[in-house]
Structures are given as C-alpha cells and as structure tokens.
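Worksheet for the structure shown next.
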Amino acid sequence: TLLAIALLAAGNVCLVAHVFVLNDWAGIHGDLNDPNRAARTFVARGENAGRMGALALILLALALLLFNLVSQASLAIALMIAALSGIYSFPGIHGKGVPLLNSLLHLLGGLLHFLLGYAALSPISQNSVAIGCYFGLVFAAGHLTHETRDHDGDLQSGIRTNAVAFGKRRTFLAGLFLFTVAYVLLTALALHGLVPTVFSLAIVLYAVHLRAAWRTLQDGLSYVGIRRLQTTYRNIHLVIGLAMLATVPPW
C-alpha cells in the first residue's frame, strides 16, 4: 500500500505538471497578449515552445509509466484525464474556447482525478463516484470563477470562454451555483453516511464562501477581488479534502 501511494503521488505530480505545461504551451500566444499573465509565461523566463512541448510529452510518458505500475484501472483513468486535457488545450480542438464544453471537461476531469487516487487502493464503486462528483463540481465551479477573472485577457486574445460568451456576472453566478450544489452534495453524502457526519457542517464553510462571493460582487468582479475570493475558497476546499483524507475509511 505504501508503495502504491508513493507511485500514485509521483504519477500525479507528473500528470498534473503535464496538464499545466500542455496548457501553457498551447495558449502561449494568448498569454503573451494578457498583461496579467505575460510576465509569468515560459517565454518571459527564457524558454521556447519546442522545449515546452517536449517537456509535456516526457511528463505524460512518465505519468503513464508510473500509473501502469499502480494498476490497470489507474492507467486507464490517467489516459482519460490526458485525453480531456488534450481536448481542452490542443490547438485545432481547443475546447477551452468552446463555452459549456470547457465546463463539462472540468467536471469530468475533477471526477476522474478523484477516482484516479481511489482506484489505486480500492475498486471503484457508486459511493466513490458520488464523492468524486463533489470534486468535479468544485473543479468546474472554480474554473468558471477563473474565467470570470481572466475575462478581459481572454476577450482580447479571442478565446471564447463562458465569461466571454455569456458575460462576467452570469459566469460568476453560474460558478457560485455549482459551488452551492457541491456544498449541498457534501452535506447529503454526510447525512447518508458516505462520508463522516462532521461534513454535514459544510453549511458553515458555505456561509464563509458566500460572504466572500458577495464581497467580490460588490467590488465589481475586479481582478484583485476575484483573486481574493479564489484564495478563500481554495483554502476551504483544501481543508475539506485533507479532512476527507484523514477521516474517510476505505470501502
């Protein structure tokens, strides 16, 4: 089990790094046109697209090799996550610029990433899928908020995200709605005994999140205001994730 956990951790580092590197490689032109991101691109740090593309391939190969050592189920899920990442980022497909599809990719990606870890230690079950839906909702909701934050840069770069297509306020509220569903789902999971009963108190954390979201709306959905909100809800869900890790027994 300890070996499986070590391989899982190493594989996740490589897989997540691959997803980020691929996204940066594919979206470099838009990032360079965005004043909020241009200074943090790999070009600004002296790298070029060729080396970044090669790095993305190497990271993916390492991730798949490691997950193959964990289990066939983990390898299959890792391949699905990589496929979703390719659909989202790769030039020519560029699901990032297709409204609604991009959110669906994040919903499925969040669910699969939870199952990726679960499958390493236990067979996938209905319970694990239900818990994974919480993470998928949080991931999709967080990215809608991220799109709201980057609206101006994406509009300038011609990337048709949900925020560009439907407007900042509507996209922000859609993200808040998905966050609300995630908190409700977590509470329901606790009341049905699928996660420890303590998670039925998620409504308290939701109140903190809702207050921060309301403050962000009052600030006019500014870049700085949304960054502050992101810090708040990332910390909330980090605490929830760590608490799950510490308290949820394997089924």
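Numbering starts fresh at 1 for the residues of each chain in the structure tokens, the chains themselves are lettered A, B, ... in the order given, and ligands are numbered from 1 as they appear.
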
Excluding same-chain residues fewer than 2 positions from Ala49 (chain A), what lies within 10 Å of it counting only C-alpha atoms, as a PyMOL selection string?
chain A and resi 24-26+28+42-43+47+51-55

With N, CA, C and O atoms retained, export the selected residues as a PDB file, in the first residue's frame.
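Below is the file part03.pdb, written as the result:
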```pdb
ATOM      1  N   ASP A  24      -0.015  25.672 -21.038  1.00  0.00           N
ATOM      2  CA  ASP A  24       0.849  26.843 -21.252  1.00  0.00           C
ATOM      3  C   ASP A  24       1.429  26.851 -22.666  1.00  0.00           C
ATOM      4  O   ASP A  24       1.508  27.892 -23.318  1.00  0.00           O
ATOM      5  N   TRP A  25       1.848  25.667 -23.130  1.00  0.00           N
ATOM      6  CA  TRP A  25       2.417  25.556 -24.476  1.00  0.00           C
ATOM      7  C   TRP A  25       1.388  25.921 -25.543  1.00  0.00           C
ATOM      8  O   TRP A  25       1.663  26.674 -26.475  1.00  0.00           O
ATOM      9  N   ALA A  26       0.170  25.393 -25.385  1.00  0.00           N
ATOM     10  CA  ALA A  26      -0.868  25.614 -26.389  1.00  0.00           C
ATOM     11  C   ALA A  26      -1.399  27.052 -26.365  1.00  0.00           C
ATOM     12  O   ALA A  26      -1.801  27.577 -27.403  1.00  0.00           O
ATOM     13  N   ILE A  28       0.224  29.926 -25.386  1.00  0.00           N
ATOM     14  CA  ILE A  28       1.256  30.931 -25.159  1.00  0.00           C
ATOM     15  C   ILE A  28       0.949  32.252 -25.846  1.00  0.00           C
ATOM     16  O   ILE A  28       1.224  33.325 -25.302  1.00  0.00           O
ATOM     17  N   PHE A  42       6.425  31.103 -19.896  1.00  0.00           N
ATOM     18  CA  PHE A  42       7.733  30.473 -20.051  1.00  0.00           C
ATOM     19  C   PHE A  42       8.617  31.257 -21.010  1.00  0.00           C
ATOM     20  O   PHE A  42       9.848  31.248 -20.883  1.00  0.00           O
ATOM     21  N   VAL A  43       8.018  31.997 -21.950  1.00  0.00           N
ATOM     22  CA  VAL A  43       8.807  32.833 -22.856  1.00  0.00           C
ATOM     23  C   VAL A  43       9.504  33.935 -22.074  1.00  0.00           C
ATOM     24  O   VAL A  43      10.684  34.234 -22.308  1.00  0.00           O
ATOM     25  N   GLU A  47      12.385  30.360 -21.917  1.00  0.00           N
ATOM     26  CA  GLU A  47      12.145  29.069 -22.559  1.00  0.00           C
ATOM     27  C   GLU A  47      11.505  29.271 -23.921  1.00  0.00           C
ATOM     28  O   GLU A  47      11.025  30.352 -24.245  1.00  0.00           O
ATOM     29  N   ARG A  51      10.930  23.294 -26.511  1.00  0.00           N
ATOM     30  CA  ARG A  51      11.329  22.609 -25.279  1.00  0.00           C
ATOM     31  C   ARG A  51      10.127  22.342 -24.376  1.00  0.00           C
ATOM     32  O   ARG A  51      10.047  21.299 -23.721  1.00  0.00           O
ATOM     33  N   MET A  52       9.174  23.286 -24.344  1.00  0.00           N
ATOM     34  CA  MET A  52       7.991  23.080 -23.505  1.00  0.00           C
ATOM     35  C   MET A  52       7.125  21.949 -24.043  1.00  0.00           C
ATOM     36  O   MET A  52       6.571  21.148 -23.283  1.00  0.00           O
ATOM     37  N   GLY A  53       7.003  21.853 -25.369  1.00  0.00           N
ATOM     38  CA  GLY A  53       6.250  20.755 -25.954  1.00  0.00           C
ATOM     39  C   GLY A  53       6.885  19.413 -25.640  1.00  0.00           C
ATOM     40  O   GLY A  53       6.194  18.441 -25.313  1.00  0.00           O
ATOM     41  N   ALA A  54       8.211  19.353 -25.727  1.00  0.00           N
ATOM     42  CA  ALA A  54       8.921  18.116 -25.402  1.00  0.00           C
ATOM     43  C   ALA A  54       8.755  17.766 -23.926  1.00  0.00           C
ATOM     44  O   ALA A  54       8.577  16.594 -23.566  1.00  0.00           O
ATOM     45  N   LEU A  55       8.797  18.777 -23.075  1.00  0.00           N
ATOM     46  CA  LEU A  55       8.611  18.543 -21.643  1.00  0.00           C
ATOM     47  C   LEU A  55       7.229  17.972 -21.357  1.00  0.00           C
ATOM     48  O   LEU A  55       7.078  17.058 -20.537  1.00  0.00           O
TER      49      LEU A  55
END
```

Contacts of Ala82 (chain A) at 9 Å (only C-alpha atoms; same-chain gap of 5+ positions) as a PyMOL selection string
chain A and resi 15+18-19+60+77+87

Rows by chain and residue number, region 159-237 of chain A within 7 Å of region 133-148 of chain A, shortest pair, only C-alpha atoms, as a tab-separated table:
```
residue	atom	partner	partner_atom	distance
A:Thr161	CA	A:Glu147	CA	6.7
A:Ala163	CA	A:Thr148	CA	5.4
A:Lys168	CA	A:Thr148	CA	5.1
A:Thr171	CA	A:Leu144	CA	6.1
A:Phe172	CA	A:Thr145	CA	5.5
A:Gly175	CA	A:Ala141	CA	4.2
A:Leu176	CA	A:Ala141	CA	6.6
A:Leu178	CA	A:Ala141	CA	5.3
A:Phe179	CA	A:Ala141	CA	5.7
A:Ala182	CA	A:Tyr134	CA	5.2
A:Leu185	CA	A:Tyr134	CA	6.5
A:Leu186	CA	A:Tyr134	CA	6.6
```

Who sits within 12 Å of Ala76 (chain A), only C-alpha atoms, same chain under 2 positions skipped, as a ChimeraX atom specification:
/A:63-65,67-74,78-83,112-113,115-116,119-120

Mind checking which residues fall within 9 Å of Gly86 (chain A), counting only C-alpha atoms, ignoring those fewer than 6 positions away in the same chain, and posting them as a ChimeraX atom specification?
/A:19,22-23,93-95

Dump as a tab-separated table (two decimals), in the first residue's frame, selection limited to C-alpha atoms:
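Below you can see out_39.tsv, which holds the result:
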```tsv
chain	number	residue	atom	x	y	z
A	19	VAL	CA	-1.66	19.25	-17.95
A	22	LEU	CA	0.48	21.49	-22.23
A	23	ASN	CA	-1.97	24.29	-21.47
A	93	ILE	CA	-9.53	21.36	-30.92
A	94	HIS	CA	-9.13	23.99	-28.19
A	95	GLY	CA	-12.06	23.03	-26.01
```

Shell around Arg227 (chain A) at 9 Å using only C-alpha atoms, local window under 4 positions removed, as a PDB file with all heavy atoms, in the first residue's frame:
```pdb
ATOM      1  N   HIS A 146     -12.432  31.361 -12.422  1.00  0.00           N
ATOM      2  CA  HIS A 146     -11.164  31.676 -13.078  1.00  0.00           C
ATOM      3  C   HIS A 146     -11.409  32.360 -14.425  1.00  0.00           C
ATOM      4  O   HIS A 146     -10.727  33.333 -14.778  1.00  0.00           O
ATOM      5  CB  HIS A 146     -10.378  30.381 -13.271  1.00  0.00           C
ATOM      6  CG  HIS A 146      -9.026  30.559 -13.883  1.00  0.00           C
ATOM      7  ND1 HIS A 146      -7.907  30.875 -13.146  1.00  0.00           N
ATOM      8  CD2 HIS A 146      -8.605  30.491 -15.172  1.00  0.00           C
ATOM      9  CE1 HIS A 146      -6.862  30.979 -13.953  1.00  0.00           C
ATOM     10  NE2 HIS A 146      -7.266  30.741 -15.187  1.00  0.00           N
ATOM     11  N   ARG A 149     -12.365  35.923 -13.863  1.00  0.00           N
ATOM     12  CA  ARG A 149     -11.175  36.721 -13.550  1.00  0.00           C
ATOM     13  C   ARG A 149     -10.403  37.095 -14.802  1.00  0.00           C
ATOM     14  O   ARG A 149      -9.929  38.227 -14.947  1.00  0.00           O
ATOM     15  CB  ARG A 149     -10.270  35.922 -12.607  1.00  0.00           C
ATOM     16  CG  ARG A 149      -9.093  36.693 -12.059  1.00  0.00           C
ATOM     17  CD  ARG A 149      -8.065  35.740 -11.470  1.00  0.00           C
ATOM     18  NE  ARG A 149      -7.324  35.042 -12.527  1.00  0.00           N
ATOM     19  CZ  ARG A 149      -6.412  34.096 -12.292  1.00  0.00           C
ATOM     20  NH1 ARG A 149      -6.159  33.715 -11.050  1.00  0.00           N
ATOM     21  NH2 ARG A 149      -5.778  33.516 -13.288  1.00  0.00           N
ATOM     22  N   SER A 222     -13.727  42.650  -9.815  1.00  0.00           N
ATOM     23  CA  SER A 222     -12.390  43.091 -10.208  1.00  0.00           C
ATOM     24  C   SER A 222     -11.411  41.928 -10.164  1.00  0.00           C
ATOM     25  O   SER A 222     -11.651  40.914  -9.488  1.00  0.00           O
ATOM     26  CB  SER A 222     -11.891  44.192  -9.273  1.00  0.00           C
ATOM     27  OG  SER A 222     -11.700  43.689  -7.954  1.00  0.00           O
ATOM     28  N   TYR A 223     -10.318  42.060 -10.887  1.00  0.00           N
ATOM     29  CA  TYR A 223      -9.292  41.009 -10.923  1.00  0.00           C
ATOM     30  C   TYR A 223      -8.778  40.717  -9.519  1.00  0.00           C
ATOM     31  O   TYR A 223      -8.684  39.553  -9.104  1.00  0.00           O
ATOM     32  CB  TYR A 223      -8.145  41.452 -11.831  1.00  0.00           C
ATOM     33  CG  TYR A 223      -7.070  40.404 -12.039  1.00  0.00           C
ATOM     34  CD1 TYR A 223      -7.177  39.484 -13.073  1.00  0.00           C
ATOM     35  CD2 TYR A 223      -5.955  40.340 -11.214  1.00  0.00           C
ATOM     36  CE1 TYR A 223      -6.198  38.514 -13.277  1.00  0.00           C
ATOM     37  CE2 TYR A 223      -4.974  39.373 -11.401  1.00  0.00           C
ATOM     38  CZ  TYR A 223      -5.096  38.472 -12.436  1.00  0.00           C
ATOM     39  OH  TYR A 223      -4.124  37.519 -12.626  1.00  0.00           O
ATOM     40  N   THR A 231      -8.526  32.628  -3.219  1.00  0.00           N
ATOM     41  CA  THR A 231      -7.735  32.221  -2.055  1.00  0.00           C
ATOM     42  C   THR A 231      -8.640  31.682  -0.958  1.00  0.00           C
ATOM     43  O   THR A 231      -8.335  30.656  -0.322  1.00  0.00           O
ATOM     44  CB  THR A 231      -6.917  33.409  -1.525  1.00  0.00           C
ATOM     45  OG1 THR A 231      -6.017  33.872  -2.540  1.00  0.00           O
ATOM     46  CG2 THR A 231      -6.117  33.015  -0.295  1.00  0.00           C
ATOM     47  N   THR A 232      -9.783  32.338  -0.762  1.00  0.00           N
ATOM     48  CA  THR A 232     -10.717  31.913   0.283  1.00  0.00           C
ATOM     49  C   THR A 232     -11.271  30.524   0.008  1.00  0.00           C
ATOM     50  O   THR A 232     -11.202  29.623   0.857  1.00  0.00           O
ATOM     51  CB  THR A 232     -11.888  32.912   0.399  1.00  0.00           C
ATOM     52  OG1 THR A 232     -11.380  34.202   0.768  1.00  0.00           O
ATOM     53  CG2 THR A 232     -12.886  32.446   1.450  1.00  0.00           C
TER      54      THR A 232
END
```

Would you mind listing what lies within 8 Å of Ile236 (chain A) as a tab-separated table (two decimals) with N, CA and C atoms, in the first residue's frame, with only C-alpha atoms counted and same-chain residues fewer than 3 positions away left out?
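Heads up, here's the output in out-v8.tsv:
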```
chain	number	residue	atom	x	y	z
A	205	LEU	N	-19.02	26.39	6.33
A	205	LEU	CA	-18.00	26.82	5.38
A	205	LEU	C	-18.63	27.49	4.18
A	209	HIS	N	-17.85	31.12	2.33
A	209	HIS	CA	-17.68	31.24	0.88
A	209	HIS	C	-18.68	32.26	0.31
A	232	THR	N	-9.78	32.34	-0.76
A	232	THR	CA	-10.72	31.91	0.28
A	232	THR	C	-11.27	30.52	0.01
A	233	TYR	N	-11.82	30.32	-1.19
A	233	TYR	CA	-12.47	29.02	-1.42
A	233	TYR	C	-11.46	27.90	-1.65
A	239	VAL	N	-9.04	22.34	3.11
A	239	VAL	CA	-9.35	21.82	4.44
A	239	VAL	C	-10.30	20.63	4.33
A	240	ILE	N	-11.33	20.75	3.49
A	240	ILE	CA	-12.28	19.65	3.31
A	240	ILE	C	-11.57	18.42	2.74
```

Distance query Arg228 (chain A) at most 10 Å, only C-alpha atoms, self and fewer than 6 positions along chain excluded, as an MDAnalysis selection string
chainID A and resid 212:213 215:216 222

Store the residues of this selection in a file with N, CA, C and O atoms, as a compact mmCIF listing (two decimals), in the first residue's frame.
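Full text of selection_11.txt as output:
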```
# COMPACT_ATOMS: atom_id res chain seq x y z
N ALA A 212 -17.75 35.83 1.05
CA ALA A 212 -16.63 36.28 0.22
C ALA A 212 -17.09 36.54 -1.21
O ALA A 212 -16.63 37.49 -1.87
N ALA A 213 -18.00 35.70 -1.72
CA ALA A 213 -18.52 35.89 -3.08
C ALA A 213 -19.33 37.18 -3.18
O ALA A 213 -19.23 37.92 -4.17
N ARG A 215 -18.96 39.85 -1.37
CA ARG A 215 -18.00 40.95 -1.33
C ARG A 215 -17.36 41.16 -2.70
O ARG A 215 -17.16 42.30 -3.13
N THR A 216 -17.08 40.06 -3.40
CA THR A 216 -16.49 40.16 -4.73
C THR A 216 -17.45 40.80 -5.72
O THR A 216 -17.05 41.61 -6.57
N SER A 222 -13.73 42.65 -9.82
CA SER A 222 -12.39 43.09 -10.21
C SER A 222 -11.41 41.93 -10.16
O SER A 222 -11.65 40.91 -9.49
```

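For the set A:Asp154, A:His106, A:Phe199, A:Leu173, the residue with the smallest atom-to-atom gap to Leu217 (chain A) is A:Leu173, counting only C-alpha atoms.
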
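CA of Gly241 (chain A) is positioned 21.1 Å from CA of Arg211 (chain A).
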
Could you check how far CA of Val21 (chain A) sits from CA of Leu59 (chain A), in Å to one decimal?
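One can read the CA of Val21 (chain A) to CA of Leu59 (chain A) distance as 8.9 Å.
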
Could you check which of A:Leu108, A:Val208, A:Leu101, A:Cys14 is closest to Ala61 (chain A), using only C-alpha atoms?
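Result for the nearest residue to Ala61 (chain A): A:Cys14.
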